[in-house]
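File shown: coords.txt (compact mmCIF, C-alpha atoms).
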```
# COMPACT_ATOMS: atom_id res chain seq x y z
CA MET A 1 -7.66 7.62 32.97
CA SER A 2 -4.75 10.02 32.40
CA LYS A 3 -3.36 10.28 28.91
CA ASP A 4 -1.62 7.01 28.06
CA ILE A 5 1.35 7.80 25.84
CA LEU A 6 3.47 5.39 23.82
CA LYS A 7 7.03 6.70 23.71
CA ILE A 8 9.39 5.39 21.02
CA GLY A 9 12.78 7.04 21.18
CA ALA A 10 12.06 10.77 21.48
CA ARG A 11 8.63 10.49 19.80
CA GLU A 12 5.28 10.22 21.54
CA PHE A 13 2.05 8.69 20.25
CA SER A 14 -1.50 8.32 21.49
CA SER A 15 -2.38 5.21 19.45
CA ARG A 16 -0.78 1.87 20.24
CA LEU A 17 -1.89 0.31 16.96
CA LEU A 18 0.62 0.45 14.11
CA VAL A 19 -0.56 -0.59 10.66
CA GLY A 20 0.99 -1.58 7.36
CA THR A 21 0.04 -0.19 3.98
CA GLY A 22 0.43 -3.21 1.70
CA LYS A 23 -2.01 -5.74 0.23
CA TYR A 24 -4.98 -3.41 -0.07
CA ARG A 25 -7.10 -3.20 -3.22
CA ASP A 26 -5.93 0.34 -3.95
CA PHE A 27 -4.68 3.50 -2.26
CA ASP A 28 -8.22 4.65 -1.46
CA GLU A 29 -8.93 1.50 0.54
CA THR A 30 -5.55 1.90 2.23
CA ARG A 31 -6.46 5.41 3.32
CA GLU A 32 -9.91 4.43 4.59
CA ALA A 33 -8.56 1.51 6.61
CA VAL A 34 -5.75 3.54 8.14
CA GLU A 35 -8.18 6.28 9.12
CA ALA A 36 -10.53 3.74 10.71
CA SER A 37 -7.64 2.19 12.66
CA GLY A 38 -6.74 5.45 14.37
CA ALA A 39 -3.07 4.58 13.83
CA GLU A 40 -0.47 7.33 13.88
CA ILE A 41 2.45 5.15 12.70
CA ILE A 42 2.20 3.48 9.30
CA THR A 43 4.76 1.14 7.82
CA VAL A 44 5.91 1.44 4.23
CA ALA A 45 7.76 -1.31 2.35
CA ILE A 46 10.37 0.71 0.47
CA ARG A 47 10.96 -2.04 -2.09
CA ARG A 48 7.27 -2.41 -2.91
CA THR A 49 5.60 0.98 -2.42
CA ASN A 50 6.20 4.22 -4.29
CA ILE A 51 6.93 7.14 -1.97
CA GLY A 52 8.76 9.19 -4.58
CA GLN A 53 11.33 6.82 -6.01
CA GLU A 54 9.10 6.42 -9.11
CA PRO A 55 8.35 9.96 -10.33
CA GLY A 56 5.10 10.31 -12.22
CA GLN A 57 3.52 7.23 -10.63
CA PRO A 58 0.82 7.28 -7.91
CA SER A 59 2.46 7.75 -4.52
CA LEU A 60 1.32 6.52 -1.13
CA LEU A 61 2.19 9.94 0.24
CA ASP A 62 -0.66 11.44 -1.80
CA VAL A 63 -3.23 9.65 0.40
CA LEU A 64 -1.24 9.28 3.64
CA PRO A 65 0.75 12.51 3.96
CA PRO A 66 3.78 12.63 6.29
CA ASP A 67 2.43 15.73 8.02
CA ARG A 68 -0.44 13.61 9.34
CA TYR A 69 1.20 10.23 9.89
CA THR A 70 4.59 9.08 11.10
CA LEU A 71 6.01 6.95 8.32
CA LEU A 72 7.92 3.83 9.30
CA PRO A 73 9.97 2.68 6.30
CA ASN A 74 10.67 -1.04 6.50
CA THR A 75 12.97 -3.51 4.82
CA ALA A 76 10.40 -6.12 3.79
CA GLY A 77 11.93 -8.40 1.17
CA CYS A 78 15.52 -8.03 2.41
CA TYR A 79 17.50 -11.20 3.17
CA THR A 80 20.89 -9.75 4.10
CA ALA A 81 22.10 -7.07 6.47
CA ASP A 82 23.71 -5.17 3.59
CA ASP A 83 20.44 -5.03 1.62
CA ALA A 84 18.51 -3.85 4.66
CA VAL A 85 20.99 -1.09 5.47
CA ARG A 86 21.07 0.07 1.83
CA THR A 87 17.27 0.15 1.67
CA LEU A 88 16.89 2.26 4.79
CA ARG A 89 19.57 4.70 3.72
CA LEU A 90 17.56 5.17 0.50
CA ALA A 91 14.41 5.73 2.57
CA ARG A 92 16.17 8.40 4.61
CA GLU A 93 17.11 10.22 1.42
CA LEU A 94 13.58 9.99 0.02
CA LEU A 95 12.06 11.26 3.27
CA ASP A 96 14.39 14.18 3.87
CA GLY A 97 16.43 12.71 6.70
CA HIS A 98 13.67 10.75 8.46
CA ASN A 99 15.45 8.30 10.77
CA LEU A 100 12.70 6.23 12.45
CA VAL A 101 12.72 2.88 10.65
CA LYS A 102 11.60 -0.71 10.94
CA LEU A 103 14.30 -3.31 10.35
CA GLU A 104 13.48 -6.80 9.23
CA VAL A 105 15.91 -9.26 7.66
CA LEU A 106 14.25 -12.46 6.55
CA GLY A 107 15.88 -15.87 6.60
CA ASP A 108 13.36 -17.94 4.67
CA ALA A 109 11.13 -17.05 1.73
CA ASP A 110 8.38 -19.48 2.72
CA THR A 111 7.97 -18.79 6.43
CA LEU A 112 9.33 -15.21 6.38
CA PHE A 113 11.01 -16.05 9.69
CA PRO A 114 13.71 -13.54 10.62
CA ASP A 115 17.42 -14.26 10.23
CA MET A 116 18.54 -13.04 13.62
CA THR A 117 22.27 -13.09 12.89
CA GLN A 118 21.79 -10.75 9.91
CA THR A 119 19.22 -8.71 11.84
CA LEU A 120 21.63 -8.04 14.70
CA ALA A 121 24.41 -7.09 12.29
CA ALA A 122 22.13 -4.66 10.43
CA ALA A 123 20.84 -3.17 13.69
CA GLU A 124 24.36 -2.43 14.90
CA THR A 125 25.22 -0.66 11.63
CA LEU A 126 22.01 1.35 11.49
CA VAL A 127 22.22 2.53 15.10
CA LYS A 128 25.79 3.72 14.53
CA ASP A 129 24.53 5.50 11.40
CA GLY A 130 22.04 7.55 13.40
CA PHE A 131 18.82 5.61 12.79
CA ASP A 132 16.15 4.99 15.42
CA VAL A 133 15.62 1.29 14.81
CA MET A 134 12.45 -0.64 15.56
CA VAL A 135 13.32 -4.26 14.90
CA TYR A 136 11.28 -7.30 13.86
CA CYS A 137 12.63 -10.35 15.63
CA SER A 138 11.94 -13.87 16.80
CA ASP A 139 10.36 -14.35 20.22
CA ASP A 140 13.75 -15.24 21.70
CA PRO A 141 14.19 -13.28 24.95
CA ILE A 142 18.00 -13.39 24.74
CA MET A 143 18.10 -12.00 21.21
CA ALA A 144 15.49 -9.35 22.04
CA LYS A 145 17.70 -8.16 24.90
CA ARG A 146 20.77 -8.03 22.66
CA LEU A 147 18.91 -5.91 20.13
CA GLU A 148 17.94 -3.53 22.92
CA GLU A 149 21.54 -3.42 24.13
CA VAL A 150 22.90 -2.40 20.71
CA GLY A 151 20.53 0.58 20.77
CA CYS A 152 17.23 -0.37 19.11
CA VAL A 153 14.39 1.88 20.27
CA ALA A 154 11.78 -0.92 20.15
CA VAL A 155 11.80 -4.69 19.80
CA MET A 156 9.05 -6.31 17.74
CA PRO A 157 8.76 -10.06 18.35
CA LEU A 158 6.47 -12.11 16.14
CA ALA A 159 3.33 -13.63 17.62
CA SER A 160 3.32 -16.21 14.83
CA LEU A 161 4.44 -16.25 11.20
CA ILE A 162 3.89 -13.16 9.05
CA GLY A 163 0.50 -13.29 7.36
CA SER A 164 -0.54 -16.49 9.13
CA GLY A 165 -3.31 -15.04 11.31
CA MET A 166 -2.52 -17.73 13.90
CA GLY A 167 -2.44 -15.31 16.82
CA ILE A 168 -0.09 -15.52 19.80
CA LEU A 169 1.40 -19.00 19.89
CA ASN A 170 3.88 -18.50 22.72
CA PRO A 171 2.67 -15.97 25.29
CA TRP A 172 5.28 -17.12 27.80
CA ASN A 173 8.19 -16.01 25.63
CA LEU A 174 6.49 -12.67 25.05
CA ARG A 175 6.14 -12.19 28.80
CA LEU A 176 9.84 -12.94 29.28
CA ILE A 177 10.70 -10.31 26.69
CA ILE A 178 8.30 -7.77 28.21
CA ASP A 179 9.52 -8.33 31.77
CA ASN A 180 13.15 -7.75 30.77
CA ALA A 181 12.76 -4.89 28.28
CA ARG A 182 13.47 -1.23 28.92
CA VAL A 183 12.23 -0.24 25.45
CA PRO A 184 8.74 -0.73 23.99
CA VAL A 185 7.77 -4.27 23.02
CA ILE A 186 5.45 -4.31 20.02
CA VAL A 187 3.97 -7.54 18.70
CA ASP A 188 4.64 -7.78 14.98
CA ALA A 189 3.21 -10.51 12.73
CA GLY A 190 0.62 -13.22 13.20
CA VAL A 191 -2.35 -11.27 14.55
CA GLY A 192 -5.55 -12.45 12.87
CA THR A 193 -8.41 -10.71 14.60
CA ALA A 194 -9.25 -8.20 17.31
CA SER A 195 -9.09 -10.71 20.17
CA ASP A 196 -5.47 -11.51 19.24
CA ALA A 197 -4.62 -7.82 19.53
CA ALA A 198 -6.41 -7.58 22.87
CA ILE A 199 -4.50 -10.58 24.24
CA ALA A 200 -1.17 -9.06 23.19
CA MET A 201 -2.02 -5.87 25.03
CA GLU A 202 -3.31 -7.73 28.10
CA LEU A 203 0.06 -9.50 28.30
CA GLY A 204 1.70 -6.09 28.68
CA CYS A 205 2.88 -5.38 25.15
CA ASP A 206 3.25 -1.68 24.42
CA GLY A 207 1.65 -1.93 21.00
CA VAL A 208 0.68 -4.14 18.07
CA LEU A 209 1.67 -3.86 14.42
CA MET A 210 -0.40 -5.54 11.73
CA ASN A 211 -1.10 -5.45 8.02
CA THR A 212 -2.53 -8.68 6.59
CA ALA A 213 -5.15 -9.08 9.32
CA ILE A 214 -6.75 -5.84 8.18
CA ALA A 215 -5.96 -5.78 4.47
CA ARG A 216 -7.11 -9.37 3.84
CA ALA A 217 -10.30 -9.15 5.91
CA GLN A 218 -13.54 -9.31 3.96
CA ASN A 219 -14.19 -5.74 5.08
CA PRO A 220 -10.79 -4.13 5.76
CA VAL A 221 -12.19 -0.81 6.97
CA LEU A 222 -14.50 -2.46 9.49
CA MET A 223 -11.70 -4.77 10.65
CA ALA A 224 -9.42 -1.77 11.13
CA SER A 225 -12.03 -0.28 13.44
CA ALA A 226 -12.31 -3.57 15.33
CA MET A 227 -8.52 -3.74 15.77
CA LYS A 228 -8.49 -0.22 17.18
CA LYS A 229 -11.03 -1.23 19.81
CA GLY A 230 -9.23 -4.49 20.55
CA VAL A 231 -5.94 -2.73 21.24
CA GLU A 232 -7.64 -0.13 23.41
CA ALA A 233 -9.59 -2.74 25.40
CA GLY A 234 -6.52 -4.89 25.95
CA ARG A 235 -4.47 -1.93 27.12
CA GLU A 236 -7.17 -0.80 29.57
CA ALA A 237 -7.48 -4.35 30.94
CA PHE A 238 -3.71 -4.52 31.45
CA LEU A 239 -3.66 -1.19 33.27
CA ALA A 240 -6.68 -2.16 35.37
CA GLY A 241 -5.10 -5.43 36.52
CA ARG A 242 -7.17 -8.56 36.15
CA MET A 243 -8.63 -10.43 39.11
CA PRO A 244 -6.60 -13.39 40.38
CA ARG A 245 -7.39 -16.77 38.88
CA LYS A 246 -8.93 -19.09 41.45
CA LEU A 247 -9.08 -22.68 40.34
CA TYR A 248 -11.84 -24.71 42.02
CA SER A 249 -12.92 -21.75 44.12
CA GLY A 250 -16.27 -20.17 43.42
CA ALA A 251 -16.85 -16.61 44.56
CA PRO A 252 -20.33 -15.00 44.46
CA SER A 253 -20.61 -11.68 42.69
CA SER A 254 -22.98 -10.34 45.34
CA PRO A 255 -22.25 -10.06 49.10
CA THR A 256 -23.45 -12.92 51.24
CA SER A 257 -23.66 -11.03 54.56
CA GLY A 258 -26.88 -9.36 55.65
CA LEU A 259 -29.12 -11.52 53.47
CA ILE A 260 -32.82 -11.76 54.24
CA THR A 261 -33.60 -15.25 55.44
CA GLY A 262 -36.97 -16.89 55.90
```
Is it possible to give me this structure as structure tokens?
Amino acid sequence: MSKDILKIGAREFSSRLLVGTGKYRDFDETREAVEASGAEIITVAIRRTNIGQEPGQPSLLDVLPPDRYTLLPNTAGCYTADDAVRTLRLARELLDGHNLVKLEVLGDADTLFPDMTQTLAAAETLVKDGFDVMVYCSDDPIMAKRLEEVGCVAVMPLASLIGSGMGILNPWNLRLIIDNARVPVIVDAGVGTASDAAIAMELGCDGVLMNTAIARAQNPVLMASAMKKGVEAGREAFLAGRMPRKLYSGAPSSPTSGLITG
């Protein structure tokens, strides 16, 4: 198979698995899990992780250096467009002008479901401000298209609630988004295990982003390896094209002509 590249804006990546850096036991476990995942893009919650805004304290960049990984600052914990925009402008300053970011504006502290009105407003501001915006959103095909139209470089619909591990609850909405998108569609939130990641990729998603599914596994490093394989297998299956489903129609695996008969 020729090299299968994921293109986000002007950037190109070999891995289609994106991973978060929160919820691990310590930075060493974070590093080991990220390495096992094969991910090239790692998300960083600016409000929760030190990447230089706390001088003298341990920094994530010490174990996951920007010259090896593409950092994806995100706005986890933001509930208004203004807070999200302010947070990502801070991230750009801390990272010397880095403009690839993940936008999420939450609408509810319990479900962590996105507030799409605030998300759209923040996306419009950030795009005008020169950011390449990857955006966490609901699985609403109309809203996903609007986010693309305002200039987001990737749309990231949830599979199910953040941290729930419930997998893909509405594959039909994801297919509607995929079929109408001209930018990458990356499932974000809800993946629980490797088969969930494989299903997302088999549907035609361009990638999968996850954090809790790896960090909260009993063995995060081993789960990171499993997720890498799941994403790769699902992508290959999508590219190969599955056989048609044939209800009530058996088909032998071996040819029936030219058989030896008694």
Q: Compare A:Asp129, A:Glu232, A:Glu148, A:Glu40 by their minimum atom-to-atom distance to Ala194 in chain A, counting all atoms listed in the file, and give me the closest one.
A: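 Looking only at the distances to Ala194 in chain A, the closest residue turns out to be A:Glu232.
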Q | Atom-to-atom span, CA of Lys7 in chain A and CA of Arg86 in chain A, Å | A |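 The value is 26.8 Å.
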(Q) Can you tell me which residues surround Asn173 in chain A at a distance of at most 8 Å, considering all atoms listed in the file, apart from same-chain residues fewer than 2 positions away, and format the answer as a list in words? (A) Asp139, Asp140, Pro141, Asn170, Pro171, Arg175, Leu176 and Ile177 of chain A
With 12 Å as the cut-off and all atoms listed in the file counted, what is the closest atom pair between each nearby residue of range 38-90 of chain A and range 204-213 of chain A? Distances in Å to one decimal, ordered by chain and number, as a Markdown table.
```
| residue | atom | partner | partner_atom | distance |
| --- | --- | --- | --- | --- |
| A:Ala39 | CA | A:Leu209 | CA | 9.7 |
| A:Glu40 | CA | A:Leu209 | CA | 11.4 |
| A:Ile41 | CA | A:Leu209 | CA | 9.2 |
| A:Ile42 | CA | A:Leu209 | CA | 9.0 |
| A:Thr43 | CA | A:Asn211 | CA | 8.8 |
| A:Val44 | CA | A:Asn211 | CA | 10.5 |
| A:Ala45 | CA | A:Asn211 | CA | 11.3 |
| A:Leu72 | CA | A:Leu209 | CA | 11.2 |
```
Q: Compare A:Leu71, A:Met223, A:Val150, A:Ile162 by their minimum atom-to-atom distance to Asp96 in chain A, counting only C-alpha atoms, and give me the closest one.
A: A:Leu71
